[in-house]
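What follows is a set of notes on a single structure, which appears directly below.
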Amino acid sequence: MGELFLILSIMCVLWGVVSIIVIASYLSKHGIKISILFLRALALRYLSQYHKISKRESGKTGPWFYSYIISMNLALVFAIVGMILK
């Protein structure tokens, strides 16, 4: 049973990676230089910039912001449950 939660955790992390790549693409189209080499280290900075720009443009936060936050939190919860059940 624990393996199932660890697999779910990995799937959530992969969705988080997709989310941050889409966010980086969005920021790049809006003139912000993106460092692909340090994408992992600067993810929270890019997330914050995406939040500000999308909120300024449409009046609400873009969907990829929540996609990243939810997927990473779920990955953490699934990993913890998976380790406990294993």
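Residue numbering restarts at 1 for every chain of the structure tokens, chains are lettered A, B, ... in their displayed order, and ligands are numbered from 1 as they appear.
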
Give me the residues near Ile23 in chain A as a list in words, where near means some atom within 9 Å (using only C-alpha atoms) and where sequence neighbours in that chain fewer than 3 positions away do not count.
Val18, Ser19, Ile20, Tyr26, Leu27, Ser28, Tyr46, Leu47, Tyr50, Trp64 and Phe65 of chain A

Could you please write out, as JSON, numbers by chain, every residue of range 1-84 of chain A that DSSP assigns to helix (DSSP H, G or I)? {"A": [2, 3, 4, 5, 6, 7, 8, 9, 10, 11, 12, 13, 14, 15, 16, 17, 18, 19, 20, 21, 22, 23, 24, 25, 26, 27, 28, 29, 43, 44, 45, 46, 47, 48, 49, 50, 51, 52, 53, 54, 55, 56, 57, 58, 63, 64, 65, 66, 67, 68, 69, 70, 71, 72, 73, 74, 75, 76, 77, 78, 79, 80, 81, 82, 83, 84]}

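The space separating CA of Ser67 in chain A from CA of Ile53 in chain A comes to 16.3 Å.
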
Using only C-alpha atoms, which protein or nucleic acid residues come within 12 Å of Cys12 in chain A? Drop anything in the same chain fewer than 3 positions from it, and give the result as a list of chain:residue names. A:Phe5, A:Leu6, A:Ile7, A:Leu8, A:Ser9, A:Trp15, A:Gly16, A:Val17, A:Val18, A:Ser19, A:Ser67, A:Tyr68, A:Ile69, A:Ile70, A:Ser71, A:Met72, A:Asn73, A:Leu74, A:Ala75, A:Leu76, A:Val77, A:Phe78, A:Ala79
